[in-house]
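Chemist: Structure file entry_27.pdb (PDB, C-alpha atoms, pLDDT in the B column) is given on the next line.
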```pdb
MODEL        1
ATOM      1  CA  MET V 309     -29.951 -30.769  53.654  1.00 46.00           C
ATOM      2  CA  ALA V 310     -30.178 -34.426  52.586  1.00 54.00           C
ATOM      3  CA  LYS V 311     -27.627 -36.821  54.013  1.00 67.00           C
ATOM      4  CA  ALA V 312     -25.446 -38.789  51.616  1.00 69.00           C
ATOM      5  CA  ALA V 313     -25.779 -42.554  51.398  1.00 62.00           C
ATOM      6  CA  PRO V 314     -23.080 -44.602  53.213  1.00 63.00           C
ATOM      7  CA  SER V 315     -21.672 -45.854  49.899  1.00 63.00           C
ATOM      8  CA  THR V 316     -21.359 -42.262  48.663  1.00 73.00           C
ATOM      9  CA  ILE V 317     -19.591 -41.217  51.881  1.00 70.00           C
ATOM     10  CA  ASN V 318     -17.126 -44.091  51.444  1.00 67.00           C
ATOM     11  CA  GLN V 319     -16.405 -43.051  47.863  1.00 75.00           C
ATOM     12  CA  ARG V 320     -15.785 -39.459  48.919  1.00 77.00           C
ATOM     13  CA  LEU V 321     -13.522 -40.570  51.758  1.00 72.00           C
ATOM     14  CA  VAL V 322     -11.437 -42.644  49.345  1.00 76.00           C
ATOM     15  CA  ALA V 323     -11.175 -39.676  46.985  1.00 79.00           C
ATOM     16  CA  VAL V 324     -10.088 -37.270  49.743  1.00 79.00           C
ATOM     17  CA  SER V 325      -7.625 -39.812  51.108  1.00 81.00           C
ATOM     18  CA  SER V 326      -6.093 -40.270  47.652  1.00 84.00           C
ATOM     19  CA  PHE V 327      -5.729 -36.514  47.297  1.00 83.00           C
ATOM     20  CA  TYR V 328      -3.886 -36.184  50.607  1.00 81.00           C
ATOM     21  CA  LYS V 329      -1.550 -39.053  49.756  1.00 85.00           C
ATOM     22  CA  TRP V 330      -0.651 -37.235  46.564  1.00 84.00           C
ATOM     23  CA  ALA V 331      -0.321 -33.895  48.392  1.00 83.00           C
ATOM     24  CA  LEU V 332       2.025 -35.466  50.975  1.00 83.00           C
ATOM     25  CA  ALA V 333       4.187 -36.906  48.207  1.00 86.00           C
ATOM     26  CA  GLN V 334       4.400 -33.437  46.656  1.00 85.00           C
ATOM     27  CA  ASN V 335       5.212 -31.822  50.036  1.00 86.00           C
ATOM     28  CA  LEU V 336       2.121 -29.651  49.737  1.00 85.00           C
ATOM     29  CA  VAL V 337       0.805 -30.692  53.180  1.00 83.00           C
ATOM     30  CA  THR V 338       2.453 -32.019  56.312  1.00 86.00           C
ATOM     31  CA  ARG V 339      -0.159 -34.570  57.361  1.00 85.00           C
ATOM     32  CA  ASP V 340      -3.089 -36.624  56.088  1.00 86.00           C
ATOM     33  CA  PRO V 341      -6.232 -35.785  58.131  1.00 87.00           C
ATOM     34  CA  THR V 342      -8.016 -38.866  56.739  1.00 83.00           C
ATOM     35  CA  THR V 343      -5.615 -41.278  58.442  1.00 83.00           C
ATOM     36  CA  GLY V 344      -7.477 -43.487  60.883  1.00 79.00           C
ATOM     37  CA  ILE V 345     -10.946 -42.555  59.639  1.00 81.00           C
ATOM     38  CA  PRO V 346     -12.759 -45.844  58.900  1.00 78.00           C
ATOM     39  CA  THR V 347     -15.195 -46.331  56.080  1.00 69.00           C
ATOM     40  CA  ILE V 348     -18.818 -47.024  56.929  1.00 63.00           C
ATOM     41  CA  ARG V 349     -19.694 -50.690  57.044  1.00 64.00           C
ATOM     42  CA  LEU V 350     -22.387 -51.316  54.465  1.00 47.00           C
ATOM     43  CA  ALA V 351     -25.353 -53.604  55.031  1.00 49.00           C
ATOM     44  CA  ALA V 352     -25.107 -56.938  53.254  1.00 50.00           C
ATOM     45  CA  ARG V 353     -27.125 -57.038  50.051  1.00 54.00           C
ATOM     46  CA  GLN V 354     -28.748 -59.969  48.349  1.00 56.00           C
ATOM     47  CA  PRO V 355     -27.672 -60.546  44.756  1.00 64.00           C
ATOM     48  CA  GLN V 356     -30.148 -59.231  42.212  1.00 82.00           C
ATOM     49  CA  SER V 357     -32.608 -61.870  41.066  1.00 85.00           C
ATOM     50  CA  LEU V 358     -35.984 -62.135  39.361  1.00 89.00           C
ATOM     51  CA  SER V 359     -39.205 -62.584  41.263  1.00 90.00           C
ATOM     52  CA  THR V 360     -41.304 -65.643  40.468  1.00 91.00           C
ATOM     53  CA  LYS V 361     -43.686 -63.427  38.481  1.00 94.00           C
ATOM     54  CA  ALA V 362     -40.880 -61.862  36.427  1.00 94.00           C
ATOM     55  CA  LEU V 363     -39.284 -65.241  35.740  1.00 95.00           C
ATOM     56  CA  ARG V 364     -42.604 -66.561  34.473  1.00 95.00           C
ATOM     57  CA  ARG V 365     -42.891 -63.559  32.123  1.00 95.00           C
ATOM     58  CA  LEU V 366     -39.445 -64.276  30.712  1.00 96.00           C
ATOM     59  CA  LEU V 367     -40.137 -67.972  30.205  1.00 96.00           C
ATOM     60  CA  ARG V 368     -43.510 -67.190  28.630  1.00 96.00           C
ATOM     61  CA  ALA V 369     -41.833 -64.798  26.205  1.00 96.00           C
ATOM     62  CA  VAL V 370     -39.276 -67.319  24.991  1.00 97.00           C
ATOM     63  CA  HIS V 371     -41.750 -70.213  24.836  1.00 96.00           C
ATOM     64  CA  ASN V 372     -44.230 -68.139  22.842  1.00 95.00           C
ATOM     65  CA  GLY V 373     -41.826 -66.847  20.222  1.00 89.00           C
ATOM     66  CA  GLY V 374     -38.431 -68.475  20.615  1.00 93.00           C
ATOM     67  CA  SER V 375     -36.631 -71.190  18.704  1.00 94.00           C
ATOM     68  CA  PRO V 376     -36.023 -74.573  20.427  1.00 95.00           C
ATOM     69  CA  ARG V 377     -32.420 -73.477  20.944  1.00 96.00           C
ATOM     70  CA  ASP V 378     -33.341 -70.213  22.647  1.00 96.00           C
ATOM     71  CA  VAL V 379     -35.919 -71.936  24.852  1.00 97.00           C
ATOM     72  CA  ALA V 380     -33.345 -74.540  25.920  1.00 97.00           C
ATOM     73  CA  ILE V 381     -30.692 -71.912  26.689  1.00 97.00           C
ATOM     74  CA  ILE V 382     -32.937 -69.776  28.888  1.00 96.00           C
ATOM     75  CA  GLU V 383     -34.544 -72.775  30.594  1.00 97.00           C
ATOM     76  CA  LEU V 384     -31.100 -74.159  31.389  1.00 96.00           C
ATOM     77  CA  LEU V 385     -29.747 -70.868  32.730  1.00 96.00           C
ATOM     78  CA  ALA V 386     -32.802 -70.345  34.937  1.00 95.00           C
ATOM     79  CA  GLY V 387     -33.301 -73.992  35.894  1.00 95.00           C
ATOM     80  CA  ALA V 388     -29.746 -75.159  36.550  1.00 94.00           C
ATOM     81  CA  GLY V 389     -27.859 -72.021  37.587  1.00 92.00           C
ATOM     82  CA  LEU V 390     -24.984 -72.456  35.153  1.00 94.00           C
ATOM     83  CA  ARG V 391     -22.449 -69.724  34.553  1.00 93.00           C
ATOM     84  CA  VAL V 392     -22.527 -68.440  30.985  1.00 93.00           C
ATOM     85  CA  GLY V 393     -19.006 -69.768  30.415  1.00 93.00           C
ATOM     86  CA  GLU V 394     -20.100 -73.223  31.562  1.00 94.00           C
ATOM     87  CA  LEU V 395     -23.114 -73.037  29.256  1.00 95.00           C
ATOM     88  CA  LEU V 396     -20.938 -72.245  26.234  1.00 95.00           C
ATOM     89  CA  GLN V 397     -18.549 -75.125  26.969  1.00 93.00           C
ATOM     90  CA  LEU V 398     -21.278 -77.770  26.897  1.00 94.00           C
ATOM     91  CA  GLN V 399     -21.060 -80.557  24.353  1.00 92.00           C
ATOM     92  CA  ARG V 400     -23.854 -82.831  23.193  1.00 90.00           C
ATOM     93  CA  GLY V 401     -22.613 -85.623  25.459  1.00 91.00           C
ATOM     94  CA  ASP V 402     -22.866 -83.402  28.540  1.00 94.00           C
ATOM     95  CA  ILE V 403     -26.677 -83.611  28.437  1.00 95.00           C
ATOM     96  CA  VAL V 404     -28.054 -86.850  29.876  1.00 94.00           C
ATOM     97  CA  LEU V 405     -31.796 -87.300  29.499  1.00 94.00           C
ATOM     98  CA  GLY V 406     -33.937 -90.183  30.708  1.00 89.00           C
ATOM     99  CA  ASP V 407     -37.652 -90.823  30.898  1.00 84.00           C
ATOM    100  CA  ARG V 408     -38.003 -89.438  34.417  1.00 88.00           C
ATOM    101  CA  SER V 409     -34.651 -87.846  35.176  1.00 92.00           C
ATOM    102  CA  GLY V 410     -31.714 -86.103  33.620  1.00 94.00           C
ATOM    103  CA  TRP V 411     -28.705 -83.968  34.372  1.00 95.00           C
ATOM    104  CA  VAL V 412     -26.136 -81.695  32.799  1.00 95.00           C
ATOM    105  CA  ILE V 413     -22.435 -82.373  33.228  1.00 94.00           C
ATOM    106  CA  VAL V 414     -20.185 -79.383  33.912  1.00 92.00           C
ATOM    107  CA  ARG V 415     -16.744 -80.788  33.221  1.00 86.00           C
ATOM    108  CA  GLU V 416     -14.739 -77.757  34.276  1.00 79.00           C
ATOM    109  CA  GLY V 417     -16.355 -75.049  36.396  1.00 67.00           C
ATOM    110  CA  LYS V 418     -14.917 -71.704  37.463  1.00 71.00           C
ATOM    111  CA  HIS V 419     -12.355 -73.304  39.758  1.00 66.00           C
ATOM    112  CA  GLY V 420     -11.832 -76.415  37.658  1.00 66.00           C
ATOM    113  CA  GLY V 421     -14.428 -78.506  39.462  1.00 80.00           C
ATOM    114  CA  TYR V 422     -16.558 -81.235  37.881  1.00 89.00           C
ATOM    115  CA  ARG V 423     -20.211 -81.446  38.828  1.00 90.00           C
ATOM    116  CA  GLU V 424     -23.491 -82.933  37.666  1.00 92.00           C
ATOM    117  CA  VAL V 425     -26.599 -80.772  38.004  1.00 94.00           C
ATOM    118  CA  PRO V 426     -29.997 -82.533  37.994  1.00 94.00           C
ATOM    119  CA  LEU V 427     -32.593 -81.120  35.634  1.00 95.00           C
ATOM    120  CA  ILE V 428     -36.256 -80.547  36.381  1.00 93.00           C
ATOM    121  CA  ARG V 429     -38.920 -81.708  33.929  1.00 94.00           C
ATOM    122  CA  ASP V 430     -39.382 -78.420  32.056  1.00 95.00           C
ATOM    123  CA  VAL V 431     -35.653 -78.065  31.469  1.00 95.00           C
ATOM    124  CA  ARG V 432     -35.363 -81.675  30.326  1.00 95.00           C
ATOM    125  CA  GLN V 433     -38.225 -81.204  27.879  1.00 95.00           C
ATOM    126  CA  SER V 434     -36.742 -78.024  26.410  1.00 96.00           C
ATOM    127  CA  LEU V 435     -33.399 -79.763  25.870  1.00 96.00           C
ATOM    128  CA  ALA V 436     -35.068 -82.817  24.330  1.00 95.00           C
ATOM    129  CA  ASP V 437     -36.962 -80.558  21.908  1.00 94.00           C
ATOM    130  CA  TYR V 438     -33.763 -78.768  20.939  1.00 95.00           C
ATOM    131  CA  LEU V 439     -31.759 -81.961  20.509  1.00 92.00           C
ATOM    132  CA  ALA V 440     -34.470 -83.312  18.236  1.00 91.00           C
ATOM    133  CA  THR V 441     -33.672 -80.524  15.750  1.00 85.00           C
ATOM    134  CA  ASP V 442     -30.914 -80.922  13.188  1.00 61.00           C
ATOM    135  CA  LEU V 443     -27.621 -80.018  14.887  1.00 61.00           C
ATOM    136  CA  SER V 444     -24.900 -78.922  12.507  1.00 56.00           C
ATOM    137  CA  GLY V 445     -21.282 -79.878  12.834  1.00 54.00           C
ATOM    138  CA  GLU V 446     -18.889 -82.676  12.030  1.00 52.00           C
ATOM    139  CA  GLY V 447     -17.332 -85.411  14.110  1.00 51.00           C
ATOM    140  CA  GLU V 448     -18.737 -87.613  16.838  1.00 56.00           C
ATOM    141  CA  ALA V 449     -22.127 -86.322  17.946  1.00 59.00           C
ATOM    142  CA  SER V 450     -21.405 -86.492  21.687  1.00 55.00           C
ATOM    143  CA  GLN V 451     -18.362 -84.223  21.289  1.00 64.00           C
ATOM    144  CA  ARG V 452     -20.017 -81.534  19.226  1.00 81.00           C
ATOM    145  CA  SER V 453     -20.666 -78.118  20.683  1.00 88.00           C
ATOM    146  CA  LEU V 454     -24.195 -78.083  22.062  1.00 92.00           C
ATOM    147  CA  TRP V 455     -25.226 -74.614  20.884  1.00 93.00           C
ATOM    148  CA  TRP V 456     -25.314 -73.746  17.189  1.00 90.00           C
ATOM    149  CA  GLY V 457     -26.257 -70.712  15.173  1.00 87.00           C
ATOM    150  CA  ARG V 458     -26.324 -69.975  11.452  1.00 85.00           C
ATOM    151  CA  ARG V 459     -22.572 -69.312  11.416  1.00 84.00           C
ATOM    152  CA  GLY V 460     -21.508 -72.270  13.509  1.00 87.00           C
ATOM    153  CA  PRO V 461     -21.198 -73.053  17.212  1.00 90.00           C
ATOM    154  CA  LEU V 462     -21.910 -70.309  19.732  1.00 91.00           C
ATOM    155  CA  SER V 463     -18.675 -69.481  21.526  1.00 88.00           C
ATOM    156  CA  HIS V 464     -18.977 -65.897  22.769  1.00 93.00           C
ATOM    157  CA  ARG V 465     -20.786 -64.554  25.819  1.00 93.00           C
ATOM    158  CA  SER V 466     -22.191 -61.775  23.671  1.00 93.00           C
ATOM    159  CA  SER V 467     -24.209 -64.350  21.709  1.00 94.00           C
ATOM    160  CA  ILE V 468     -25.953 -65.566  24.862  1.00 95.00           C
ATOM    161  CA  LEU V 469     -26.469 -62.007  26.086  1.00 95.00           C
ATOM    162  CA  ARG V 470     -28.153 -61.009  22.816  1.00 94.00           C
ATOM    163  CA  ILE V 471     -30.474 -64.017  23.007  1.00 95.00           C
ATOM    164  CA  LEU V 472     -31.399 -63.222  26.596  1.00 95.00           C
ATOM    165  CA  GLN V 473     -31.933 -59.528  25.957  1.00 95.00           C
ATOM    166  CA  ARG V 474     -34.261 -60.290  23.045  1.00 95.00           C
ATOM    167  CA  TYR V 475     -36.735 -62.095  25.276  1.00 96.00           C
ATOM    168  CA  ALA V 476     -36.141 -59.827  28.268  1.00 95.00           C
ATOM    169  CA  HIS V 477     -37.296 -56.932  26.090  1.00 95.00           C
ATOM    170  CA  ARG V 478     -40.446 -58.846  25.132  1.00 95.00           C
ATOM    171  CA  ALA V 479     -41.069 -59.601  28.811  1.00 95.00           C
ATOM    172  CA  GLN V 480     -40.456 -55.925  29.715  1.00 94.00           C
ATOM    173  CA  LEU V 481     -37.491 -56.747  31.951  1.00 93.00           C
ATOM    174  CA  ASP V 482     -34.542 -54.359  32.143  1.00 89.00           C
ATOM    175  CA  ASN V 483     -30.822 -55.035  32.626  1.00 87.00           C
ATOM    176  CA  LEU V 484     -31.209 -58.805  32.586  1.00 92.00           C
ATOM    177  CA  SER V 485     -28.008 -60.848  32.379  1.00 92.00           C
ATOM    178  CA  PRO V 486     -27.148 -64.563  32.525  1.00 93.00           C
ATOM    179  CA  HIS V 487     -25.708 -64.031  36.003  1.00 91.00           C
ATOM    180  CA  ILE V 488     -29.015 -62.636  37.258  1.00 92.00           C
ATOM    181  CA  LEU V 489     -30.616 -65.906  36.134  1.00 95.00           C
ATOM    182  CA  ARG V 490     -27.958 -67.782  38.118  1.00 92.00           C
ATOM    183  CA  HIS V 491     -28.826 -65.688  41.189  1.00 92.00           C
ATOM    184  CA  THR V 492     -32.516 -66.299  40.491  1.00 93.00           C
ATOM    185  CA  PHE V 493     -31.950 -70.048  40.466  1.00 93.00           C
ATOM    186  CA  ALA V 494     -30.071 -69.863  43.771  1.00 90.00           C
ATOM    187  CA  THR V 495     -32.626 -67.613  45.456  1.00 89.00           C
ATOM    188  CA  HIS V 496     -35.586 -69.744  44.407  1.00 90.00           C
ATOM    189  CA  TYR V 497     -33.790 -72.938  45.433  1.00 90.00           C
ATOM    190  CA  LEU V 498     -33.245 -71.633  48.955  1.00 87.00           C
ATOM    191  CA  LYS V 499     -36.845 -70.473  49.222  1.00 87.00           C
ATOM    192  CA  ALA V 500     -37.934 -74.033  48.493  1.00 89.00           C
ATOM    193  CA  ASN V 501     -35.149 -75.584  50.604  1.00 90.00           C
ATOM    194  CA  PRO V 502     -34.327 -72.985  53.301  1.00 86.00           C
ATOM    195  CA  ASP V 503     -31.681 -74.967  55.175  1.00 83.00           C
ATOM    196  CA  ASP V 504     -29.864 -76.605  52.286  1.00 87.00           C
ATOM    197  CA  LEU V 505     -26.813 -74.409  51.818  1.00 87.00           C
ATOM    198  CA  ARG V 506     -24.642 -77.452  51.177  1.00 89.00           C
ATOM    199  CA  GLY V 507     -26.932 -78.608  48.385  1.00 89.00           C
ATOM    200  CA  LEU V 508     -26.989 -75.146  46.822  1.00 88.00           C
ATOM    201  CA  ALA V 509     -23.195 -74.913  46.956  1.00 88.00           C
ATOM    202  CA  ALA V 510     -22.932 -78.262  45.154  1.00 89.00           C
ATOM    203  CA  LEU V 511     -25.384 -77.184  42.460  1.00 90.00           C
ATOM    204  CA  LEU V 512     -23.613 -73.870  41.867  1.00 90.00           C
ATOM    205  CA  GLY V 513     -20.136 -75.363  41.925  1.00 88.00           C
ATOM    206  CA  HIS V 514     -18.904 -73.652  45.106  1.00 84.00           C
ATOM    207  CA  SER V 515     -16.608 -75.491  47.506  1.00 76.00           C
ATOM    208  CA  ASP V 516     -16.967 -72.891  50.272  1.00 76.00           C
ATOM    209  CA  LEU V 517     -20.342 -72.619  52.013  1.00 74.00           C
ATOM    210  CA  ASN V 518     -19.578 -68.992  52.904  1.00 74.00           C
ATOM    211  CA  THR V 519     -19.887 -68.152  49.204  1.00 75.00           C
ATOM    212  CA  VAL V 520     -23.580 -69.054  49.163  1.00 76.00           C
ATOM    213  CA  MET V 521     -24.336 -67.272  52.443  1.00 74.00           C
ATOM    214  CA  ILE V 522     -25.112 -64.136  50.417  1.00 75.00           C
ATOM    215  CA  TYR V 523     -28.397 -65.753  49.421  1.00 73.00           C
ATOM    216  CA  THR V 524     -29.505 -65.986  53.055  1.00 70.00           C
ATOM    217  CA  GLU V 525     -29.323 -62.243  53.732  1.00 70.00           C
ATOM    218  CA  PRO V 526     -32.883 -61.033  54.433  1.00 65.00           C
ATOM    219  CA  SER V 527     -34.282 -58.174  52.406  1.00 66.00           C
ATOM    220  CA  ARG V 528     -36.164 -55.262  53.982  1.00 67.00           C
ATOM    221  CA  GLN V 529     -39.416 -56.913  52.874  1.00 70.00           C
ATOM    222  CA  ASP V 530     -38.354 -60.191  54.522  1.00 68.00           C
ATOM    223  CA  LEU V 531     -37.634 -58.404  57.805  1.00 68.00           C
ATOM    224  CA  THR V 532     -40.927 -56.487  57.618  1.00 76.00           C
ATOM    225  CA  GLU V 533     -42.903 -59.705  57.189  1.00 72.00           C
ATOM    226  CA  ARG V 534     -41.053 -61.366  60.066  1.00 66.00           C
ATOM    227  CA  LEU V 535     -41.743 -58.437  62.361  1.00 73.00           C
ATOM    228  CA  GLU V 536     -45.410 -58.506  61.397  1.00 75.00           C
ATOM    229  CA  ARG V 537     -45.569 -62.106  62.566  1.00 71.00           C
ATOM    230  CA  MET V 538     -44.610 -60.866  66.050  1.00 68.00           C
ATOM    231  CA  SER V 539     -47.660 -58.645  66.331  1.00 64.00           C
ATOM    232  CA  GLY V 540     -49.719 -61.464  67.821  1.00 60.00           C
ATOM    233  CA  ILE V 541     -47.523 -61.726  70.935  1.00 55.00           C
ATOM    234  CA  ARG V 542     -47.686 -58.043  71.860  1.00 51.00           C
ATOM    235  CA  VAL V 543     -49.772 -57.049  74.865  1.00 48.00           C
ATOM    236  CA  GLU V 544     -52.782 -54.860  74.071  1.00 50.00           C
TER     237      GLU V 544
ENDMDL
END
```
Write out the structure in this file as structure tokens.

Modeler:
Amino acid sequence: MAKAAPSTINQRLVAVSSFYKWALAQNLVTRDPTTGIPTIRLAARQPQSLSTKALRRLLRAVHNGGSPRDVAIIELLAGAGLRVGELLQLQRGDIVLGDRSGWVIVREGKHGGYREVPLIRDVRQSLADYLATDLSGEGEASQRSLWWGRRGPLSHRSSILRILQRYAHRAQLDNLSPHILRHTFATHYLKANPDDLRGLAALLGHSDLNTVMIYTEPSRQDLTERLERMSGIRVE
């Protein structure tokens, strides 16, 4: 008989415990046998992210068939780690592009924090290409919404999700969301800069380093590779 997974056992324990609490309240039982039984501690899990190969497929799909706007949106999500809400709040003046550098200004993050996120060359180029197109809207250019569609500025998360899913389908990627691209950015950053948790926290807009510790949890494959490196020190 197959054993249930720890998460399944925890769910069943919660269900049984809830039943006995109700039964006690109805005077159907005299005690709760689940009292004092702890749930199983689950192993820490890394947030879901794309592999380098999968990310390249996604970027290839949008570059090969996407509009300058769609390219800029996906490049910015994958290359700067913005939350989708932060992406939608961007105005034209929040993009600063120079010849050899550039950054995006997040004026109000999840917890109200201001931050400036540097942009790599590919992201800068995609934004420059998009900004060179005719942006609709009235008023001062720097205060216009950055993202526009045929019916006006993009303001709903569903708009970004539809754009992302269009190219995810072309790249044969399932269940892709803007937040997975944020996790992908964080995971790839730490692979390139293994000890820079403080830098990652600043880029993601987290004030607590413990929040980014989830990206340091090794996967089973990571642990397997590390154990394989030990094989050279074993005695024959």

Chemist: At what distance in Å, to one decimal, does atom CA of V:His491 lie from atom CA of V:Arg537?

Modeler: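 Atom CA of V:Arg537 sits 27.4 Å away from atom CA of V:His491.
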
Chemist: Since I can't run it myself right now, could you work out what the PyMOL selection byres ((chain V and resi 512) around 8) selects here and report it as a short mmCIF file (atom, residue, chain, number, x, y, z; two decimals) with C-alpha atoms, in the coordinates of the input?

Modeler:
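Once written, result23.cif looks like this:
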```cif
data_model
loop_
_atom_site.label_atom_id
_atom_site.label_comp_id
_atom_site.auth_asym_id
_atom_site.auth_seq_id
_atom_site.Cartn_x
_atom_site.Cartn_y
_atom_site.Cartn_z
CA GLY V 389 -27.86 -72.02 37.59
CA LEU V 390 -24.98 -72.46 35.15
CA ALA V 494 -30.07 -69.86 43.77
CA LEU V 508 -26.99 -75.15 46.82
CA ALA V 509 -23.20 -74.91 46.96
CA ALA V 510 -22.93 -78.26 45.15
CA LEU V 511 -25.38 -77.18 42.46
CA GLY V 513 -20.14 -75.36 41.92
CA HIS V 514 -18.90 -73.65 45.11
#
```

Chemist: Starting from the PyMOL selection byres ((chain V and resi 404-416) around 7), expand the selection into actual residues of this file and give them as a PyMOL selection string.

Modeler: chain V and resi 394+402-403+417-418+420-427+432

Chemist: Have a look at atom CA of V:Asp430 and atom CA of V:Ala380 and let me know their distance in Å, one decimal.

Modeler: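 The value is 9.4 Å.
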
Chemist: Go ahead and compute the interatomic distance for atom CA of V:Gln433 and atom CA of V:Tyr523, in Å to one decimal.

Modeler: 28.3 Å

Chemist: How about completing stretch 505-524 of chain V with N, CA and C atoms and giving it to me as an mmCIF file, keeping the file's coordinate frame?

Modeler:
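Result file follows (result_12.cif):
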```cif
data_model
loop_
_atom_site.group_PDB
_atom_site.id
_atom_site.type_symbol
_atom_site.label_atom_id
_atom_site.label_comp_id
_atom_site.auth_asym_id
_atom_site.auth_seq_id
_atom_site.Cartn_x
_atom_site.Cartn_y
_atom_site.Cartn_z
ATOM 1 N N LEU V 505 -27.937 -75.152 52.384
ATOM 2 C CA LEU V 505 -26.813 -74.409 51.818
ATOM 3 C C LEU V 505 -25.806 -75.344 51.158
ATOM 4 N N ARG V 506 -25.606 -76.503 51.743
ATOM 5 C CA ARG V 506 -24.642 -77.452 51.177
ATOM 6 C C ARG V 506 -25.102 -77.924 49.796
ATOM 7 N N GLY V 507 -26.403 -78.196 49.680
ATOM 8 C CA GLY V 507 -26.932 -78.608 48.385
ATOM 9 C C GLY V 507 -26.807 -77.506 47.348
ATOM 10 N N LEU V 508 -27.100 -76.270 47.747
ATOM 11 C CA LEU V 508 -26.989 -75.146 46.822
ATOM 12 C C LEU V 508 -25.545 -74.956 46.376
ATOM 13 N N ALA V 509 -24.609 -75.059 47.304
ATOM 14 C CA ALA V 509 -23.195 -74.913 46.956
ATOM 15 C C ALA V 509 -22.780 -75.965 45.935
ATOM 16 N N ALA V 510 -23.262 -77.200 46.099
ATOM 17 C CA ALA V 510 -22.932 -78.262 45.154
ATOM 18 C C ALA V 510 -23.517 -77.973 43.779
ATOM 19 N N LEU V 511 -24.743 -77.482 43.738
ATOM 20 C CA LEU V 511 -25.384 -77.184 42.460
ATOM 21 C C LEU V 511 -24.694 -76.042 41.726
ATOM 22 N N LEU V 512 -24.250 -75.037 42.476
ATOM 23 C CA LEU V 512 -23.613 -73.870 41.867
ATOM 24 C C LEU V 512 -22.127 -74.070 41.585
ATOM 25 N N GLY V 513 -21.557 -75.123 42.144
ATOM 26 C CA GLY V 513 -20.136 -75.363 41.925
ATOM 27 C C GLY V 513 -19.232 -74.597 42.860
ATOM 28 N N HIS V 514 -19.708 -74.339 44.098
ATOM 29 C CA HIS V 514 -18.904 -73.652 45.106
ATOM 30 C C HIS V 514 -18.414 -74.670 46.136
ATOM 31 N N SER V 515 -17.151 -74.593 46.494
ATOM 32 C CA SER V 515 -16.608 -75.491 47.506
ATOM 33 C C SER V 515 -16.716 -74.894 48.906
ATOM 34 N N ASP V 516 -16.905 -73.589 48.996
ATOM 35 C CA ASP V 516 -16.967 -72.891 50.272
ATOM 36 C C ASP V 516 -18.405 -72.474 50.555
ATOM 37 N N LEU V 517 -18.964 -72.955 51.668
ATOM 38 C CA LEU V 517 -20.342 -72.619 52.013
ATOM 39 C C LEU V 517 -20.523 -71.120 52.240
ATOM 40 N N ASN V 518 -19.460 -70.436 52.667
ATOM 41 C CA ASN V 518 -19.578 -68.992 52.904
ATOM 42 C C ASN V 518 -19.952 -68.246 51.626
ATOM 43 N N THR V 519 -19.592 -68.812 50.477
ATOM 44 C CA THR V 519 -19.887 -68.152 49.204
ATOM 45 C C THR V 519 -21.381 -68.062 48.951
ATOM 46 N N VAL V 520 -22.134 -69.065 49.408
ATOM 47 C CA VAL V 520 -23.580 -69.054 49.163
ATOM 48 C C VAL V 520 -24.348 -68.399 50.305
ATOM 49 N N MET V 521 -23.644 -67.941 51.336
ATOM 50 C CA MET V 521 -24.336 -67.272 52.443
ATOM 51 C C MET V 521 -24.989 -65.963 51.999
ATOM 52 N N ILE V 522 -24.522 -65.392 50.894
ATOM 53 C CA ILE V 522 -25.112 -64.136 50.417
ATOM 54 C C ILE V 522 -26.588 -64.305 50.095
ATOM 55 N N TYR V 523 -26.999 -65.521 49.780
ATOM 56 C CA TYR V 523 -28.397 -65.753 49.421
ATOM 57 C C TYR V 523 -29.306 -65.878 50.641
ATOM 58 N N THR V 524 -28.705 -65.878 51.833
ATOM 59 C CA THR V 524 -29.505 -65.986 53.055
ATOM 60 C C THR V 524 -29.767 -64.627 53.687
#
```
